[in-house]
Amino acid sequence: MRNLSFPRLRAFGSAPAGFADAVIDSRMDSNRGARRPRAFTQSTNLTKWLGCLQFLMLLALTAGVSLAQSIPPDIAKKLDDLDKATKSAQMAGDNAWMLTSSALVLMMTGPGLALFYGGLVRKKNVLGTMMHSFILMATVSIIWAVIGYSLAFGEGNAFFGDLRYLFLRGVGGDPNADYGATIPHQTYMIYQLMFAIITPALISGAFAERMKFSAMLLFMTLWSFVVYFPMAHMVWGKGGLLNAALGGQYPAFDFAGGTVVHITSGVSALVCALYLGKRNDYPGESMRPHSVVLSVIGACLLWVGWFGFNAGSAVAAGSLASSAFIATHFATAAAVLGWMTIEWMMVGKPSVLGAISGAVAGLVAITPASGFVKPMPAILIGLAAGVVCYLMVSKVKKMFGYDDALDAFGVHGVGGTLGALLTGVFATKEVNDLRMGKPMGWVDGYAGQMTNQVIAVLISIVLAVVGTLIILKICDVVLGVRVSKDQETEGLDLSMHGEEGYNLES
Amino acid sequence: MRKIEAIIQPHKLEDAKEALKNIGVDGMTITEVRGHGRQKGHTEVYRGMEYKVDLLPKVKLEMVVTDQRADEVIRTLAGAARTGKIGDGKIFVYAVADAVRIRNDDRGEAAL
């Protein structure tokens, strides 16, 4: 009985100690688990079933060996069946949520980001800009299937994954206990792919309206290898340098990608803007967004999709997902009001573009914190992001004069950094008990976590700057990164794609 | 014959059309145009970037009427399109050499 049942039950907790906790305190167990790593989140129902199982088992154990030996085989079989049924119910629930989340995160890129960015450019560039996002949905997917997932999530060393999942070998229906014990490994893989797609797409906001399409494709491909896969491995891969749940040397808290997604893309965006130079006529001639309407639709899709991004990062459908969902929503709402208020005070009118930009800033900033903070700190993080990102894009950018066309750096680079640091301030064990009962963040009583957060931020920034510079240089030598002056005047839609976005007379 | 070309505020188009219909003018061509006179446009602010927008949307009405009717049409148009504020637009009047109805080759005032 003991030998038969213990290993099976332990599959539900990650360690013997965890197993005991799981049964005694369902709330604690459902709160455990950082992002992706393992995260075994249990519903109350499941715990009741487990409680039954353990009760039966304790009966057997306390009654002594003789009783254990005399357990009739039909009872043993019933326990066994119960065990399997519980496991499969858990998997069905978690898998449903994670597949939904995967679809939501893909929706953030297309049409979310495509519309958000597409509306902000002049109408002669609307298709080219939307294509930047859309084509990555295809390009990165193929790279991911062939080698990307393996480089990011194979065990490897502290910086890179290995080739164990090359061509998705070994990525099947069975869970990978390290990344998500209750969902098929395939689900985890496809969920992660959606992050690898949107991250480079975010960069495209910086070089909008002037980058050659071929160079953009080469740049994004190389960037995935040089910046994204290593960064994702360091923060979320097993054994990664910064992994907080799977044995990292500097455990940094990054629930859904403040460093991996937003700092890397935002900082790379700034490097691109500086390297490519300003658009012709910037800032003189009218560079007004051609349709804030499209951008509003895009921003709303981003807001909704972001629930998959952040709450899905619990890798289970438990209470941690709810907590991340709620933190995400409140932070975003606060950021909208923060941006609108400061703009209203400084410019005199509350713009719609300002309100939706505030939403994105808030979503970015809460991303690393979403699975670690309570609702009130989430509101503070959102407010801070709204105000800081506003000052960044409207004042600091003007001061330095660089042409980050759609403010990928001002919103994602700055918002991501702010969020990563504030995660270290507000993370609490009441939301996510990753350090097994010890305080999590500064306010929680562990100021030392700030060091890890700063290290993670710095590594992201350095990797993004160095990697992006080298890649841009390569692309420039091989293809030339910038379109000709004539092509730029004509617009990317016609000069790169041979189409126009609006043929209203036809 | 006189060609009357009026550039007016887009939101006064319906009033102008209605007034012209009431005095029996039943043909006109309308174009959406952009421009400015003494009204110097406005400023738009997008994420802190200020853009001076000096070409504003207007509507251009064109019609050709007989010499006798021209004055009445001009007064009606001006009255209907007026708000009294800067930016109300202008009316220009030209002499027309001839007119042709393409359907049946009517010429001159018969073609109007």
# chains A, B, ... in the order shown; residues from 1 in each chain; ligands from 1

call {"tool": "interface_residues", "arguments": {"of": "chain A", "to": "chain B", "cutoff": "10 Å", "atoms": "only C-alpha atoms", "output": "CSV table (one decimal) with N, CA and C atoms, in the first residue's frame"}}
result
chain,number,residue,atom,x,y,z
A,120,LEU,N,-1.2,54.5,-35.5
A,120,LEU,CA,-0.3,55.6,-35.1
A,120,LEU,C,0.6,56.2,-36.2
A,283,PRO,N,11.1,66.4,-36.7
A,283,PRO,CA,9.7,66.4,-36.3
A,283,PRO,C,8.9,67.4,-37.0
A,284,GLY,N,9.4,67.9,-38.1
A,284,GLY,CA,8.8,69.1,-38.7
A,284,GLY,C,7.4,68.8,-39.3
A,285,GLU,N,7.4,68.2,-40.5
A,285,GLU,CA,6.1,68.0,-41.2
A,285,GLU,C,5.1,67.2,-40.3
A,286,SER,N,3.9,67.2,-40.7
A,286,SER,CA,2.9,66.5,-39.9
A,286,SER,C,3.1,65.0,-39.9
A,287,MET,N,3.4,64.5,-38.7
A,287,MET,CA,3.5,63.0,-38.5
A,287,MET,C,2.4,62.5,-37.6
A,288,ARG,N,1.2,63.2,-37.8
A,288,ARG,CA,0.1,62.8,-36.9
A,288,ARG,C,-0.3,61.4,-37.1
A,289,PRO,N,-0.8,60.7,-36.1
A,289,PRO,CA,-1.4,59.3,-36.3
A,289,PRO,C,-2.5,59.4,-37.3
A,292,VAL,N,-6.4,57.4,-34.8
A,292,VAL,CA,-6.4,57.0,-33.4
A,292,VAL,C,-7.5,56.0,-33.1
A,343,GLU,N,-1.5,64.5,-18.2
A,343,GLU,CA,-1.6,65.2,-19.5
A,343,GLU,C,-2.6,66.3,-19.5
A,346,MET,N,-0.9,69.2,-17.8
A,346,MET,CA,0.2,69.8,-18.5
A,346,MET,C,-0.1,70.4,-19.8
A,347,VAL,N,-1.0,69.7,-20.6
A,347,VAL,CA,-1.4,70.2,-21.9
A,347,VAL,C,-2.7,70.9,-22.0
A,349,LYS,N,-5.7,69.3,-22.2
A,349,LYS,CA,-6.8,68.5,-22.7
A,349,LYS,C,-6.4,67.0,-22.5
A,351,SER,N,-6.2,63.6,-23.8
A,351,SER,CA,-6.4,63.0,-25.1
A,351,SER,C,-6.7,61.5,-25.0
A,352,VAL,N,-7.4,61.1,-26.1
A,352,VAL,CA,-7.7,59.6,-26.2
A,352,VAL,C,-6.4,58.8,-26.3
A,353,LEU,N,-5.5,59.3,-27.2
A,353,LEU,CA,-4.3,58.6,-27.4
A,353,LEU,C,-3.5,58.5,-26.0
A,354,GLY,N,-3.6,59.5,-25.2
A,354,GLY,CA,-3.0,59.5,-23.9
A,354,GLY,C,-3.6,58.4,-23.0
A,357,SER,N,-2.5,55.0,-24.3
A,357,SER,CA,-1.1,54.8,-24.0
A,357,SER,C,-0.9,54.5,-22.5
A,390,TYR,N,4.4,58.8,-19.3
A,390,TYR,CA,3.9,60.1,-20.0
A,390,TYR,C,5.1,61.1,-20.1
A,391,LEU,N,5.8,61.3,-18.9
A,391,LEU,CA,6.9,62.2,-18.9
A,391,LEU,C,8.0,61.8,-19.9
A,392,MET,N,8.2,60.4,-19.9
A,392,MET,CA,9.2,59.9,-20.8
A,392,MET,C,8.9,60.2,-22.3
A,393,VAL,N,7.7,59.9,-22.8
A,393,VAL,CA,7.4,60.1,-24.2
A,393,VAL,C,7.2,61.5,-24.6
A,394,SER,N,6.7,62.3,-23.6
A,394,SER,CA,6.4,63.7,-24.1
A,394,SER,C,7.5,64.7,-23.7
A,395,LYS,N,8.3,64.4,-22.7
A,395,LYS,CA,9.3,65.4,-22.3
A,395,LYS,C,10.7,64.9,-22.6
A,397,LYS,N,11.8,62.4,-24.4
A,397,LYS,CA,12.1,62.1,-25.8
A,397,LYS,C,12.4,63.4,-26.6
A,398,LYS,N,11.6,64.4,-26.3
A,398,LYS,CA,11.8,65.7,-26.9
A,398,LYS,C,13.1,66.3,-26.6
A,406,LEU,N,6.9,55.2,-32.4
A,406,LEU,CA,5.7,54.9,-31.7
A,406,LEU,C,5.9,54.6,-30.2
A,407,ASP,N,7.0,55.1,-29.7
A,407,ASP,CA,7.3,55.1,-28.3
A,407,ASP,C,7.5,53.7,-27.7

call {"tool": "select_by_dssp", "arguments": {"residues": "segment 224-327 of chain A", "states": "alpha helix (DSSP H)", "output": "PyMOL selection string"}}
result
chain A and resi 229-236+264-276+292-310+319-327

call {"tool": "write_last_selection", "arguments": {"atoms": "C-alpha atoms", "output": "mmCIF file, in the first residue's frame"}}
result
data_model
loop_
_atom_site.group_PDB
_atom_site.id
_atom_site.type_symbol
_atom_site.label_atom_id
_atom_site.label_comp_id
_atom_site.auth_asym_id
_atom_site.auth_seq_id
_atom_site.Cartn_x
_atom_site.Cartn_y
_atom_site.Cartn_z
ATOM 1 C CA PHE A 229 15.991 32.885 -26.332
ATOM 2 C CA PRO A 230 18.887 33.488 -23.900
ATOM 3 C CA MET A 231 16.869 35.965 -21.843
ATOM 4 C CA ALA A 232 13.844 33.668 -21.665
ATOM 5 C CA HIS A 233 16.161 30.847 -20.636
ATOM 6 C CA MET A 234 17.856 32.871 -17.927
ATOM 7 C CA VAL A 235 14.588 33.949 -16.321
ATOM 8 C CA TRP A 236 12.211 31.039 -16.986
ATOM 9 C CA THR A 264 14.588 43.638 -23.895
ATOM 10 C CA SER A 265 12.176 44.889 -26.566
ATOM 11 C CA GLY A 266 12.001 48.443 -25.258
ATOM 12 C CA VAL A 267 15.748 48.908 -24.933
ATOM 13 C CA SER A 268 16.375 47.248 -28.299
ATOM 14 C CA ALA A 269 13.803 49.656 -29.714
ATOM 15 C CA LEU A 270 15.797 52.629 -28.481
ATOM 16 C CA VAL A 271 18.973 51.225 -30.039
ATOM 17 C CA CYS A 272 17.108 50.770 -33.346
ATOM 18 C CA ALA A 273 15.721 54.315 -33.248
ATOM 19 C CA LEU A 274 19.188 55.738 -32.659
ATOM 20 C CA TYR A 275 20.876 53.519 -35.246
ATOM 21 C CA LEU A 276 18.354 54.115 -38.036
ATOM 22 C CA VAL A 292 -6.410 56.977 -33.378
ATOM 23 C CA VAL A 293 -9.605 54.955 -33.828
ATOM 24 C CA LEU A 294 -7.602 51.907 -34.954
ATOM 25 C CA SER A 295 -5.261 52.437 -32.020
ATOM 26 C CA VAL A 296 -8.138 52.488 -29.539
ATOM 27 C CA ILE A 297 -9.394 49.151 -30.865
ATOM 28 C CA GLY A 298 -5.859 47.768 -30.713
ATOM 29 C CA ALA A 299 -5.309 48.971 -27.159
ATOM 30 C CA CYS A 300 -8.573 47.380 -26.003
ATOM 31 C CA LEU A 301 -7.559 44.067 -27.587
ATOM 32 C CA LEU A 302 -4.188 44.357 -25.845
ATOM 33 C CA TRP A 303 -5.882 44.955 -22.498
ATOM 34 C CA VAL A 304 -8.078 41.873 -22.902
ATOM 35 C CA GLY A 305 -5.301 39.721 -24.333
ATOM 36 C CA TRP A 306 -3.024 40.677 -21.482
ATOM 37 C CA PHE A 307 -5.141 38.606 -19.094
ATOM 38 C CA GLY A 308 -3.809 35.580 -20.946
ATOM 39 C CA PHE A 309 -0.328 37.032 -20.781
ATOM 40 C CA ASN A 310 -0.300 37.643 -17.020
ATOM 41 C CA SER A 319 -6.112 31.231 -7.323
ATOM 42 C CA LEU A 320 -2.739 32.578 -8.406
ATOM 43 C CA ALA A 321 -4.176 33.109 -11.879
ATOM 44 C CA SER A 322 -7.084 35.040 -10.366
ATOM 45 C CA SER A 323 -4.726 37.162 -8.322
ATOM 46 C CA ALA A 324 -2.612 37.993 -11.384
ATOM 47 C CA PHE A 325 -5.736 38.736 -13.434
ATOM 48 C CA ILE A 326 -6.976 41.186 -10.827
ATOM 49 C CA ALA A 327 -3.626 42.890 -10.301
#

call {"tool": "closest_residue", "arguments": {"among": "B:Arg107, B:Glu18, B:Met28, B:His42", "to": "Glu5 of chain B", "atoms": "only C-alpha atoms"}}
result
B:Met28

call {"tool": "closest_residue", "arguments": {"among": "B:Leu55, B:Ile91, B:Ala81, B:Val64", "to": "Met1 of chain B", "atoms": "only C-alpha atoms"}}
result
B:Val64

call {"tool": "atom_distance", "arguments": {"atom1": "atom CA of Asp26 of chain B", "atom2": "atom CA of Arg2 of chain B"}}
result
15.1 Å
